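Text of the file structure-v6.csv, holding CSV, C-alpha atoms:
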```csv
chain,number,residue,atom,x,y,z
A,1,MET,CA,-140.6,-37.2,111.6
A,2,PRO,CA,-144.4,-37.4,112.1
A,3,ARG,CA,-145.7,-38.1,115.5
A,4,VAL,CA,-147.1,-41.6,115.9
A,5,SER,CA,-150.7,-41.5,117.0
A,6,ASP,CA,-151.8,-43.0,120.4
A,7,GLU,CA,-154.0,-45.4,118.5
A,8,ASP,CA,-151.0,-46.7,116.4
A,9,LEU,CA,-149.0,-47.1,119.6
A,10,VAL,CA,-151.7,-49.1,121.3
A,11,MET,CA,-152.0,-51.3,118.2
A,12,ALA,CA,-148.2,-51.9,118.4
A,13,VAL,CA,-148.6,-52.9,122.1
A,14,GLN,CA,-151.3,-55.3,120.9
A,15,ALA,CA,-148.8,-56.8,118.5
A,16,GLY,CA,-146.3,-57.4,121.4
A,17,ASP,CA,-144.2,-54.2,121.2
A,18,THR,CA,-144.0,-53.3,124.9
A,19,ASP,CA,-141.7,-50.3,124.2
A,20,SER,CA,-144.7,-48.5,122.6
A,21,LEU,CA,-146.3,-48.6,126.0
A,22,GLY,CA,-143.4,-46.5,127.4
A,23,VAL,CA,-144.2,-43.8,124.8
A,24,LEU,CA,-147.9,-43.9,125.8
A,25,VAL,CA,-146.9,-43.7,129.5
A,26,GLY,CA,-144.7,-40.7,128.7
A,27,ARG,CA,-147.5,-38.9,126.9
A,28,TRP,CA,-150.3,-39.7,129.3
A,29,GLU,CA,-149.0,-40.2,132.8
A,30,GLN,CA,-149.4,-36.5,133.8
A,31,PRO,CA,-153.0,-36.0,132.3
A,32,LEU,CA,-154.1,-39.4,133.7
A,33,TYR,CA,-152.7,-38.6,137.2
A,34,ARG,CA,-154.5,-35.2,137.2
A,35,PHE,CA,-157.7,-36.9,136.2
A,36,VAL,CA,-157.4,-39.7,138.8
A,37,TYR,CA,-156.3,-37.3,141.6
A,38,ARG,CA,-159.3,-35.1,140.9
A,39,MET,CA,-161.6,-38.1,141.1
A,40,MET,CA,-160.0,-39.3,144.4
A,41,PRO,CA,-157.7,-36.7,146.0
A,42,ARG,CA,-155.2,-39.0,147.7
A,43,GLN,CA,-151.8,-39.3,146.3
A,44,GLU,CA,-151.2,-43.0,147.1
A,45,ASP,CA,-154.5,-44.0,145.6
A,46,ALA,CA,-154.0,-41.9,142.6
A,47,HIS,CA,-150.6,-43.3,142.0
A,48,ASP,CA,-151.8,-46.9,142.4
A,49,VAL,CA,-154.7,-46.3,140.0
A,50,CYS,CA,-152.4,-44.8,137.4
A,51,GLN,CA,-150.0,-47.7,137.7
A,52,GLU,CA,-152.8,-50.2,137.5
A,53,THR,CA,-154.3,-48.4,134.5
A,54,PHE,CA,-151.2,-48.7,132.4
A,55,LEU,CA,-150.7,-52.3,133.5
A,56,ARG,CA,-154.2,-53.1,132.3
A,57,ILE,CA,-153.6,-51.4,129.0
A,58,LEU,CA,-150.6,-53.7,128.6
A,59,LYS,CA,-152.3,-56.8,129.7
A,60,LYS,CA,-155.7,-56.2,128.0
A,61,SER,CA,-154.4,-54.5,124.9
A,62,HIS,CA,-156.3,-57.1,122.8
A,63,ARG,CA,-159.6,-55.5,124.1
A,64,TYR,CA,-158.8,-52.2,122.5
A,65,ARG,CA,-161.1,-51.7,119.5
A,66,PRO,CA,-159.4,-50.2,116.4
A,67,GLY,CA,-160.9,-47.0,115.4
A,68,SER,CA,-161.8,-45.8,118.9
A,69,ARG,CA,-159.9,-43.1,120.7
A,70,PHE,CA,-157.1,-44.4,123.0
A,71,SER,CA,-157.7,-41.7,125.6
A,72,THR,CA,-161.4,-42.7,125.9
A,73,TRP,CA,-160.4,-46.3,126.5
A,74,MET,CA,-157.7,-45.3,129.0
A,75,TYR,CA,-160.1,-43.0,130.9
A,76,GLN,CA,-162.7,-45.8,131.0
A,77,ILE,CA,-160.2,-48.1,132.6
A,78,ALA,CA,-159.1,-45.5,135.1
A,79,LEU,CA,-162.6,-44.5,136.0
A,80,ASN,CA,-163.6,-48.1,136.7
A,81,LEU,CA,-160.5,-48.5,138.9
A,82,CYS,CA,-161.3,-45.2,140.7
A,83,ARG,CA,-164.8,-46.5,141.4
A,84,ASP,CA,-163.5,-49.9,142.7
A,85,GLN,CA,-160.9,-48.1,144.9
A,86,ALA,CA,-163.6,-45.8,146.3
A,87,ARG,CA,-165.8,-48.8,147.1
A,88,ARG,CA,-162.9,-50.5,148.8
A,89,ARG,CA,-162.0,-47.5,150.8
A,90,LYS,CA,-165.6,-47.1,151.9
A,91,ARG,CA,-165.8,-50.7,153.0
A,92,TRP,CA,-162.5,-50.9,154.8
A,93,GLY,CA,-163.0,-47.4,156.2
A,94,MET,CA,-166.0,-48.6,158.1
A,95,ILE,CA,-163.9,-51.3,159.7
A,96,MET,CA,-160.5,-49.6,160.1
A,97,ALA,CA,-161.1,-45.9,160.9
A,98,ASP,CA,-163.9,-43.6,161.9
A,99,HIS,CA,-165.4,-41.6,159.1
A,100,GLN,CA,-164.2,-38.3,160.3
A,101,ALA,CA,-160.5,-39.3,160.3
A,102,PHE,CA,-161.0,-41.1,157.0
A,103,ASP,CA,-162.6,-38.1,155.3
A,104,GLU,CA,-159.8,-35.9,156.5
A,105,GLN,CA,-157.3,-38.1,154.7
A,106,LEU,CA,-159.2,-37.6,151.5
A,107,ARG,CA,-159.1,-33.9,151.5
A,108,PRO,CA,-157.2,-32.4,148.5
A,109,ALA,CA,-153.7,-31.2,149.2
A,110,GLU,CA,-153.3,-27.4,149.6
A,111,SER,CA,-151.3,-25.7,147.0
A,112,PRO,CA,-147.7,-24.8,148.0
A,113,PRO,CA,-146.6,-21.1,148.2
A,114,SER,CA,-145.4,-19.7,145.0
A,115,SER,CA,-143.1,-16.7,144.3
A,116,THR,CA,-146.2,-14.4,144.1
A,117,TYR,CA,-147.7,-15.8,147.3
A,118,ASP,CA,-150.3,-13.7,148.9
A,119,PRO,CA,-151.5,-15.3,152.2
A,120,ALA,CA,-154.9,-13.7,152.1
A,121,THR,CA,-155.7,-14.8,148.5
A,122,ALA,CA,-154.3,-18.3,149.2
A,123,ALA,CA,-156.4,-18.7,152.4
A,124,GLU,CA,-159.5,-17.5,150.5
A,125,ARG,CA,-158.8,-19.9,147.6
A,126,ASN,CA,-158.1,-22.8,150.0
A,127,GLU,CA,-161.3,-22.0,151.9
A,128,LEU,CA,-163.3,-22.0,148.6
A,129,SER,CA,-161.6,-25.3,147.5
A,130,GLN,CA,-162.5,-27.0,150.7
A,131,ALA,CA,-166.1,-25.7,150.4
A,132,VAL,CA,-166.4,-26.9,146.8
A,133,TYR,CA,-164.8,-30.2,147.8
A,134,GLN,CA,-167.4,-30.7,150.5
A,135,ALA,CA,-170.2,-29.6,148.2
A,136,MET,CA,-169.0,-32.1,145.5
A,137,GLY,CA,-169.3,-34.8,148.1
A,138,GLN,CA,-173.0,-34.0,148.5
A,139,ILE,CA,-174.0,-34.5,144.9
A,140,PRO,CA,-174.4,-38.0,143.4
A,141,ARG,CA,-171.3,-39.8,142.1
A,142,GLU,CA,-172.6,-39.8,138.5
A,143,GLN,CA,-173.0,-36.1,138.5
A,144,ARG,CA,-169.6,-35.5,140.2
A,145,GLU,CA,-167.8,-37.6,137.6
A,146,VAL,CA,-169.3,-35.5,134.8
A,147,LEU,CA,-168.5,-32.2,136.5
A,148,ILE,CA,-164.8,-33.2,136.9
A,149,MET,CA,-164.4,-34.6,133.4
A,150,LYS,CA,-166.1,-31.5,131.9
A,151,GLU,CA,-164.8,-28.7,134.0
A,152,TYR,CA,-161.3,-29.8,135.0
A,153,GLU,CA,-160.4,-32.2,132.2
A,154,GLY,CA,-162.0,-30.1,129.5
A,155,LEU,CA,-163.5,-33.2,127.7
A,156,LYS,CA,-166.3,-32.7,125.2
A,157,PHE,CA,-169.8,-34.0,126.1
A,158,LYS,CA,-169.5,-36.6,123.4
A,159,GLU,CA,-166.2,-37.9,124.8
A,160,ILE,CA,-167.6,-38.1,128.3
A,161,ALA,CA,-170.6,-40.0,126.9
A,162,GLU,CA,-168.2,-42.5,125.3
A,163,ILE,CA,-166.2,-42.9,128.5
A,164,LEU,CA,-169.4,-43.5,130.5
A,165,GLY,CA,-171.1,-45.6,127.9
A,166,CYS,CA,-174.3,-43.5,128.0
A,167,PRO,CA,-176.1,-41.1,125.7
A,168,GLU,CA,-174.8,-37.6,125.3
A,169,SER,CA,-178.2,-36.2,126.5
A,170,THR,CA,-177.7,-38.2,129.8
A,171,VAL,CA,-174.3,-36.5,130.3
A,172,LYS,CA,-175.7,-33.1,129.7
A,173,SER,CA,-178.6,-33.8,132.1
A,174,ARG,CA,-176.1,-35.0,134.8
A,175,MET,CA,-174.1,-31.8,134.2
A,176,TYR,CA,-177.2,-29.6,134.6
A,177,TYR,CA,-178.3,-31.3,137.9
A,178,GLY,CA,-174.7,-31.5,139.1
A,179,LEU,CA,-174.2,-27.7,138.7
A,180,SER,CA,-177.6,-27.0,140.3
A,181,GLY,CA,-176.9,-29.4,143.2
A,182,LEU,CA,-173.4,-27.8,143.7
A,183,ARG,CA,-174.9,-24.4,143.9
A,184,THR,CA,-177.5,-25.5,146.5
A,185,ALA,CA,-174.8,-27.2,148.6
A,186,LEU,CA,-172.6,-24.2,148.4
A,187,THR,CA,-175.4,-21.8,149.4
A,188,ARG,CA,-176.1,-24.1,152.4
A,189,GLN,CA,-172.5,-23.5,153.4
A,190,GLY,CA,-172.8,-19.8,153.1
A,191,ILE,CA,-170.7,-19.6,149.9
A,192,HIS,CA,-172.2,-17.3,147.2
A,193,HIS,CA,-170.9,-16.2,143.9
A,194,PRO,CA,-168.8,-13.0,144.4
B,1,MET,CA,-191.0,-25.9,124.1
B,2,PRO,CA,-191.6,-25.7,127.8
B,3,CYS,CA,-188.7,-24.2,129.9
B,4,ASN,CA,-187.8,-27.4,131.7
B,5,GLU,CA,-187.0,-29.1,128.5
B,6,TRP,CA,-184.1,-26.8,127.8
B,7,ASN,CA,-182.0,-28.2,130.6
B,8,GLU,CA,-179.6,-30.1,128.4
B,9,GLN,CA,-179.2,-27.1,126.1
B,10,TRP,CA,-178.3,-24.8,129.0
B,11,VAL,CA,-175.1,-26.7,129.8
B,12,ALA,CA,-174.3,-27.1,126.1
B,13,LYS,CA,-174.5,-23.3,125.7
B,14,LEU,CA,-172.4,-22.8,128.8
B,15,TYR,CA,-169.6,-24.8,127.3
B,16,ASP,CA,-170.1,-23.6,123.7
B,17,GLU,CA,-171.1,-26.9,122.4
B,18,LEU,CA,-174.5,-26.0,121.0
B,19,ASP,CA,-175.0,-26.3,117.2
B,20,PRO,CA,-175.9,-23.0,115.4
B,21,GLU,CA,-179.6,-23.9,114.9
B,22,GLU,CA,-180.1,-24.8,118.6
B,23,ASP,CA,-178.2,-21.7,119.7
B,24,ARG,CA,-180.5,-19.5,117.6
B,25,LEU,CA,-183.6,-21.1,119.1
B,26,LEU,CA,-182.3,-20.8,122.6
B,27,THR,CA,-181.2,-17.2,122.2
B,28,ARG,CA,-184.7,-16.3,120.9
B,29,HIS,CA,-186.3,-18.1,123.9
B,30,LEU,CA,-184.0,-16.3,126.4
B,31,GLU,CA,-185.0,-12.9,125.0
B,32,SER,CA,-188.6,-13.6,126.1
B,33,CYS,CA,-188.1,-15.7,129.3
B,34,GLU,CA,-186.9,-14.1,132.5
B,35,GLU,CA,-186.9,-17.4,134.4
B,36,CYS,CA,-184.6,-19.1,131.9
B,37,ARG,CA,-182.2,-16.2,131.8
B,38,HIS,CA,-182.0,-16.5,135.6
B,39,THR,CA,-181.4,-20.3,135.4
B,40,LEU,CA,-178.6,-19.8,132.8
B,41,ASP,CA,-177.1,-17.1,135.0
B,42,GLU,CA,-177.0,-19.4,138.1
B,43,LEU,CA,-175.4,-22.3,136.1
B,44,GLY,CA,-172.8,-19.9,134.9
B,45,GLN,CA,-172.1,-18.8,138.5
B,46,SER,CA,-171.7,-22.4,139.7
B,47,ARG,CA,-169.3,-23.0,136.8
B,48,GLU,CA,-167.2,-19.9,137.8
B,49,LEU,CA,-167.0,-21.2,141.4
B,50,LEU,CA,-165.8,-24.6,140.1
B,51,GLN,CA,-163.2,-22.9,138.0
B,52,ALA,CA,-162.0,-20.7,140.9
B,53,SER,CA,-161.6,-23.7,143.1
B,54,SER,CA,-159.8,-26.0,140.7
B,55,PRO,CA,-158.0,-28.3,143.1
B,56,TYR,CA,-154.2,-28.3,143.3
B,57,VAL,CA,-152.8,-31.5,141.9
B,58,PRO,CA,-149.4,-32.5,143.2
B,59,ALA,CA,-146.7,-33.6,140.7
B,60,SER,CA,-147.3,-37.2,139.8
B,61,PRO,CA,-144.7,-39.8,140.9
B,62,LYS,CA,-143.0,-41.7,138.1
B,63,VAL,CA,-145.1,-44.5,136.7
B,64,VAL,CA,-143.2,-47.8,136.5
B,65,VAL,CA,-145.0,-50.5,134.7
B,66,LEU,CA,-143.7,-54.0,135.6
B,67,ARG,CA,-143.7,-56.3,132.7
B,68,PRO,CA,-146.0,-59.2,133.5
B,69,ARG,CA,-145.0,-62.8,132.9
B,70,GLY,CA,-146.2,-64.6,129.9
B,71,LEU,CA,-146.4,-61.5,127.7
B,72,ARG,CA,-145.4,-62.1,124.1
B,73,GLN,CA,-141.8,-61.2,123.5
B,74,PRO,CA,-139.9,-60.6,120.3
B,75,LEU,CA,-137.9,-63.6,119.1
B,76,TRP,CA,-134.5,-61.9,119.7
B,77,ALA,CA,-135.5,-61.2,123.3
B,78,PHE,CA,-136.5,-64.9,123.8
B,79,ALA,CA,-133.2,-66.0,122.1
B,80,SER,CA,-131.0,-63.8,124.2
B,81,GLY,CA,-132.8,-64.8,127.4
B,82,LEU,CA,-132.3,-68.5,126.5
B,83,ALA,CA,-128.6,-67.9,125.8
B,84,ALA,CA,-128.2,-66.1,129.1
B,85,ALA,CA,-129.9,-69.0,130.9
B,86,LEU,CA,-127.7,-71.6,129.2
B,87,LEU,CA,-124.6,-69.6,130.1
B,88,VAL,CA,-125.6,-69.4,133.8
B,89,PHE,CA,-126.4,-73.1,133.7
B,90,ALA,CA,-123.0,-73.9,132.2
B,91,VAL,CA,-121.1,-71.8,134.8
B,92,GLY,CA,-123.2,-73.5,137.6
B,93,LEU,CA,-122.2,-76.9,136.2
B,94,GLY,CA,-118.5,-76.0,136.2
B,95,VAL,CA,-118.6,-74.6,139.7
B,96,GLY,CA,-120.5,-77.6,140.9
B,97,TYR,CA,-118.0,-80.1,139.3
B,98,LYS,CA,-115.1,-78.2,140.8
B,99,ALA,CA,-116.6,-78.2,144.3
B,100,LEU,CA,-117.5,-81.9,144.1
B,101,SER,CA,-114.0,-83.0,142.9
B,102,ALA,CA,-112.2,-80.9,145.5
B,103,ALA,CA,-110.9,-82.6,148.7
B,104,PRO,CA,-113.2,-82.3,151.7
B,105,SER,CA,-112.5,-79.3,153.8
B,106,ASP,CA,-113.6,-77.8,157.1
B,107,GLU,CA,-115.7,-75.2,155.4
B,108,ILE,CA,-119.2,-74.8,156.6
B,109,PRO,CA,-121.5,-76.4,154.0
B,110,GLN,CA,-124.0,-74.1,152.1
B,111,LEU,CA,-127.4,-74.1,153.6
B,112,GLN,CA,-130.2,-74.9,151.2
B,113,ALA,CA,-133.6,-73.5,151.8
B,114,ARG,CA,-136.5,-75.7,151.0
B,115,ILE,CA,-140.2,-75.8,151.8
B,116,VAL,CA,-141.2,-78.6,154.2
B,117,SER,CA,-144.7,-79.8,155.1
B,118,ASP,CA,-146.1,-79.4,158.5
B,119,ALA,CA,-145.9,-83.2,159.1
B,120,GLU,CA,-142.2,-83.3,158.0
B,121,ALA,CA,-141.3,-80.4,160.3
B,122,ARG,CA,-143.2,-82.1,163.2
B,123,SER,CA,-141.4,-85.4,162.7
B,124,ALA,CA,-138.0,-83.7,162.4
B,125,LEU,CA,-138.7,-81.8,165.6
B,126,GLU,CA,-139.7,-84.9,167.4
B,127,ALA,CA,-136.6,-86.8,166.2
B,128,ARG,CA,-134.5,-83.9,167.5
B,129,ILE,CA,-136.2,-83.9,170.9
B,130,ASP,CA,-135.8,-87.7,171.2
B,131,ALA,CA,-132.1,-87.4,170.4
B,132,LEU,CA,-131.6,-84.6,172.9
B,133,GLU,CA,-133.5,-86.6,175.5
B,134,ALA,CA,-131.4,-89.7,174.9
B,135,GLN,CA,-128.3,-87.5,175.2
B,136,LEU,CA,-129.4,-86.1,178.5
B,137,VAL,CA,-130.3,-89.6,179.9
B,138,GLN,CA,-126.9,-90.9,178.8
B,139,GLN,CA,-125.1,-87.9,180.4
B,140,ALA,CA,-127.1,-88.4,183.7
B,141,SER,CA,-126.2,-92.1,183.9
B,142,ALA,CA,-122.5,-91.7,183.0
B,143,THR,CA,-119.9,-92.2,185.6
B,144,PRO,CA,-118.8,-88.9,187.1
B,145,VAL,CA,-115.4,-87.8,185.8
B,146,GLU,CA,-112.6,-87.1,188.1
B,147,THR,CA,-112.5,-83.3,187.4
B,148,THR,CA,-115.1,-81.3,189.2
B,149,PRO,CA,-117.8,-80.2,186.8
B,150,PRO,CA,-119.1,-76.6,186.9
B,151,GLU,CA,-122.0,-76.0,189.3
B,152,ALA,CA,-124.5,-75.6,186.5
B,153,MET,CA,-123.7,-79.1,185.2
B,154,GLN,CA,-124.3,-80.7,188.6
B,155,ALA,CA,-128.0,-79.6,188.6
B,156,MET,CA,-130.2,-82.5,187.9
B,157,VAL,CA,-133.4,-82.2,185.9
B,158,SER,CA,-136.4,-84.4,186.6
B,159,ARG,CA,-138.4,-85.9,183.8
B,160,ASP,CA,-141.4,-83.7,184.7
B,161,GLN,CA,-139.3,-80.6,184.6
B,162,PHE,CA,-137.8,-81.7,181.3
B,163,GLU,CA,-141.2,-82.3,179.8
B,164,ASP,CA,-142.5,-79.0,181.2
B,165,GLY,CA,-139.6,-77.2,179.5
B,166,LEU,CA,-140.3,-79.0,176.3
B,167,ARG,CA,-143.9,-78.0,176.4
B,168,ARG,CA,-143.0,-74.4,177.0
B,169,LEU,CA,-140.5,-74.5,174.1
B,170,GLU,CA,-143.3,-75.9,171.8
B,171,GLU,CA,-145.7,-73.2,173.0
B,172,ARG,CA,-143.0,-70.6,172.2
B,173,VAL,CA,-142.4,-72.0,168.7
B,174,ASN,CA,-146.2,-72.2,168.0
B,175,TYR,CA,-146.6,-68.6,169.2
B,176,ASP,CA,-143.9,-67.4,166.9
B,177,ARG,CA,-145.4,-69.3,164.0
B,178,VAL,CA,-148.9,-67.8,164.7
B,179,ARG,CA,-147.4,-64.3,164.8
B,180,ASP,CA,-145.6,-64.9,161.5
B,181,MET,CA,-148.8,-66.0,159.9
B,182,GLU,CA,-150.6,-63.0,161.3
B,183,PHE,CA,-147.9,-60.8,159.8
B,184,LEU,CA,-148.0,-62.5,156.5
B,185,MET,CA,-151.8,-62.3,156.3
B,186,GLY,CA,-151.6,-58.6,157.3
B,187,GLU,CA,-149.1,-58.0,154.4
B,188,MET,CA,-151.4,-59.9,152.0
B,189,THR,CA,-154.4,-57.9,153.1
B,190,ALA,CA,-152.4,-54.6,152.5
B,191,VAL,CA,-151.4,-55.8,149.1
B,192,GLU,CA,-154.9,-56.9,148.2
B,193,TRP,CA,-156.0,-53.4,149.1
B,194,ARG,CA,-153.4,-51.9,146.9
B,195,ALA,CA,-153.7,-54.2,144.0
B,196,GLY,CA,-157.4,-54.6,144.2
B,197,LYS,CA,-157.3,-58.3,143.8
B,198,TRP,CA,-158.0,-61.2,146.1
B,199,VAL,CA,-155.2,-63.5,146.9
B,200,ASP,CA,-157.2,-66.6,146.2
B,201,GLU,CA,-158.2,-65.2,142.8
B,202,THR,CA,-154.7,-64.3,141.5
B,203,ARG,CA,-151.1,-64.8,142.4
B,204,GLU,CA,-150.2,-61.2,141.6
B,205,ALA,CA,-151.1,-60.0,145.0
B,206,VAL,CA,-148.8,-62.7,146.6
B,207,GLN,CA,-146.0,-61.7,144.2
B,208,LEU,CA,-146.4,-58.1,145.1
B,209,ALA,CA,-146.2,-59.1,148.8
B,210,PHE,CA,-142.9,-60.7,148.3
B,211,MET,CA,-141.6,-57.9,146.2
B,212,GLN,CA,-142.6,-55.4,148.9
B,213,SER,CA,-140.7,-57.3,151.5
B,214,ASP,CA,-137.6,-57.1,149.4
B,215,PRO,CA,-135.6,-54.1,150.6
B,216,ARG,CA,-134.0,-53.6,147.1
B,217,PHE,CA,-137.5,-53.2,145.6
B,218,ASN,CA,-138.5,-50.7,148.3
B,219,GLU,CA,-135.3,-48.7,147.6
B,220,ARG,CA,-136.2,-48.2,144.0
```
Write-out of the structure in structure tokens:
Amino acid sequence: MPRVSDEDLVMAVQAGDTDSLGVLVGRWEQPLYRFVYRMMPRQEDAHDVCQETFLRILKKSHRYRPGSRFSTWMYQIALNLCRDQARRRKRWGMIMADHQAFDEQLRPAESPPSSTYDPATAAERNELSQAVYQAMGQIPREQREVLIMKEYEGLKFKEIAEILGCPESTVKSRMYYGLSGLRTALTRQGIHHP
Amino acid sequence: MPCNEWNEQWVAKLYDELDPEEDRLLTRHLESCEECRHTLDELGQSRELLQASSPYVPASPKVVVLRPRGLRQPLWAFASGLAAALLVFAVGLGVGYKALSAAPSDEIPQLQARIVSDAEARSALEARIDALEAQLVQQASATPVETTPPEAMQAMVSRDQFEDGLRRLEERVNYDRVRDMEFLMGEMTAVEWRAGKWVDETREAVQLAFMQSDPRFNER
């Protein structure tokens, strides 16, 4: 039996078939969660954003334009929600907690030990992850988003341009300055390429 | 082409997204430009560091999408819902008729929760206070019974003391009410935070607040 495309499924949701959304959730919940978590490394926020993304897909399915990629539309929704959430956290964070404690909460989780666990390698990797995380915080948001989508999500420049609604040349330019800025920030922390 | 105009092409080359003609031009330029080779090398190193530090992503919790109200449903779903509602209504009618036609008993009547306005609540409270006051006055003026009442019953309360007690009771009720409102507002703020919507803009946040206060919902 041929696999029904994401685009056909979202068209079915548009026509009132909510079960098709279940299929889309099954296919996309993991990739979407990874994407959102990398944008904002806090499990509760990532889960909320994923939940809200699928809810919006259901409620705003009439806004989906036939012929465009479902994943692009989904990532657009999720990215906007991530930005909203980040703005909210920033605003409330100023009122509710001091920045240091707030920033600590947003650090990415450390990977759990595996069967081939080597404490020295794991410590080195975690140290590098924390350094890169800090460096990412020092480059502009627009550049950071492009770096994450390109490097960790493996999206093509064209897809990123569609998600962000800007020319492909702008995406490449942000990527260039993002990588350069990251290198400068890492060098300032004493991290060099091995 | 000046070196600084190749910036977009460097990253395209880094990720193998350069078309053959651009790739040929860029390769030719690289052969003759030490500075550009250095730039490309640095970009590649940054990329390697990014790859080496790919953040660990914990397993995602199961996504549960709640079906919003008012969404279009297939006809059979609407029909089955209507049939179920009619069935519940019929059972309710039957039970109600049976309860009304039965002889009065000593059973405690079912309490019915309803929303009352502030004015309604205030007048009901005042009526209750008046009744209690009248009862106390009546008890105080009644002829003492032959049996000796307990010591506590013998204590007389002056009108000032009574009014003072009432005032303290009212303060206590008001204090509890304020605390309840504070709690409710706190819950709503938390839900606004989570849902990303303001309560006065949408009812969804309020609905979520009620769902969150339901232990059955939290268990799931």
- Message: If we count only C-alpha atoms and set the cut-off at 10 Å, which residues sit around Leu9 (chain A), ignoring sequence neighbours fewer than 6 positions away in its own chain? Please answer as a list in words.
- Response: Ala15, Asp17, Thr18, Asp19, Ser20, Leu21, Gly22, Val23, Leu24 and Phe70 of chain A
Just-selected residues, C-alpha atoms written as a PDB file, in the frame of the given file:
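So the final result, stored in again28.pdb, reads:
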```pdb
ATOM      1  CA  ALA A  15    -148.800 -56.800 118.500  1.00  0.00           C
ATOM      2  CA  ASP A  17    -144.200 -54.200 121.200  1.00  0.00           C
ATOM      3  CA  THR A  18    -144.000 -53.300 124.900  1.00  0.00           C
ATOM      4  CA  ASP A  19    -141.700 -50.300 124.200  1.00  0.00           C
ATOM      5  CA  SER A  20    -144.700 -48.500 122.600  1.00  0.00           C
ATOM      6  CA  LEU A  21    -146.300 -48.600 126.000  1.00  0.00           C
ATOM      7  CA  GLY A  22    -143.400 -46.500 127.400  1.00  0.00           C
ATOM      8  CA  VAL A  23    -144.200 -43.800 124.800  1.00  0.00           C
ATOM      9  CA  LEU A  24    -147.900 -43.900 125.800  1.00  0.00           C
ATOM     10  CA  PHE A  70    -157.100 -44.400 123.000  1.00  0.00           C
TER      11      PHE A  70
END
```
- Query: For the atom pair CA of Gly190 (chain A) and CA of Tyr176 (chain A), what is the interatomic distance in Å to one decimal place?
  - Reply: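 According to the coordinates, CA of Gly190 (chain A) and CA of Tyr176 (chain A) are separated by 21.4 Å.
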- Residues within 12 Å of (-173.0, -20.1, 137.1), counting all atoms listed in the file, listed as a VMD selection string: (chain A and resid 176 178 to 184 192 to 194) or (chain B and resid 10 to 11 13 to 15 37 to 52)
For the selection just defined, write its residues with C-alpha atoms to a file, as a CSV table (one decimal), keeping the file's coordinate frame.
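What follows is the written file part.csv:
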```csv
chain,number,residue,atom,x,y,z
A,176,TYR,CA,-177.2,-29.6,134.6
A,178,GLY,CA,-174.7,-31.5,139.1
A,179,LEU,CA,-174.2,-27.7,138.7
A,180,SER,CA,-177.6,-27.0,140.3
A,181,GLY,CA,-176.9,-29.4,143.2
A,182,LEU,CA,-173.4,-27.8,143.7
A,183,ARG,CA,-174.9,-24.4,143.9
A,184,THR,CA,-177.5,-25.5,146.5
A,192,HIS,CA,-172.2,-17.3,147.2
A,193,HIS,CA,-170.9,-16.2,143.9
A,194,PRO,CA,-168.8,-13.0,144.4
B,10,TRP,CA,-178.3,-24.8,129.0
B,11,VAL,CA,-175.1,-26.7,129.8
B,13,LYS,CA,-174.5,-23.3,125.7
B,14,LEU,CA,-172.4,-22.8,128.8
B,15,TYR,CA,-169.6,-24.8,127.3
B,37,ARG,CA,-182.2,-16.2,131.8
B,38,HIS,CA,-182.0,-16.5,135.6
B,39,THR,CA,-181.4,-20.3,135.4
B,40,LEU,CA,-178.6,-19.8,132.8
B,41,ASP,CA,-177.1,-17.1,135.0
B,42,GLU,CA,-177.0,-19.4,138.1
B,43,LEU,CA,-175.4,-22.3,136.1
B,44,GLY,CA,-172.8,-19.9,134.9
B,45,GLN,CA,-172.1,-18.8,138.5
B,46,SER,CA,-171.7,-22.4,139.7
B,47,ARG,CA,-169.3,-23.0,136.8
B,48,GLU,CA,-167.2,-19.9,137.8
B,49,LEU,CA,-167.0,-21.2,141.4
B,50,LEU,CA,-165.8,-24.6,140.1
B,51,GLN,CA,-163.2,-22.9,138.0
B,52,ALA,CA,-162.0,-20.7,140.9
```
- Query: Nearest to Val146 (chain A): which of A:Val4, A:Val49, A:Ile163, A:Val171 is it, counting only C-alpha atoms?
  - Reply: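 Of A:Val4, A:Val49, A:Ile163, A:Val171, the one nearest Val146 (chain A), counting only C-alpha atoms, is A:Val171.
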- Kindly extract all protein, DNA and RNA residues lying within 10 Å of the coordinates (-155.6, -57.9, 119.2) given in the file, considering all atoms listed in the file, and supply them as a PyMOL selection string. chain A and resi 10-16+60-66
Go ahead and save the residues from that selection, with C-alpha atoms, as a tab-separated table (two decimals), keeping the file's coordinate frame.
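The resulting result04.tsv:
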```tsv
chain	number	residue	atom	x	y	z
A	10	VAL	CA	-151.70	-49.10	121.30
A	11	MET	CA	-152.00	-51.30	118.20
A	12	ALA	CA	-148.20	-51.90	118.40
A	13	VAL	CA	-148.60	-52.90	122.10
A	14	GLN	CA	-151.30	-55.30	120.90
A	15	ALA	CA	-148.80	-56.80	118.50
A	16	GLY	CA	-146.30	-57.40	121.40
A	60	LYS	CA	-155.70	-56.20	128.00
A	61	SER	CA	-154.40	-54.50	124.90
A	62	HIS	CA	-156.30	-57.10	122.80
A	63	ARG	CA	-159.60	-55.50	124.10
A	64	TYR	CA	-158.80	-52.20	122.50
A	65	ARG	CA	-161.10	-51.70	119.50
A	66	PRO	CA	-159.40	-50.20	116.40
```
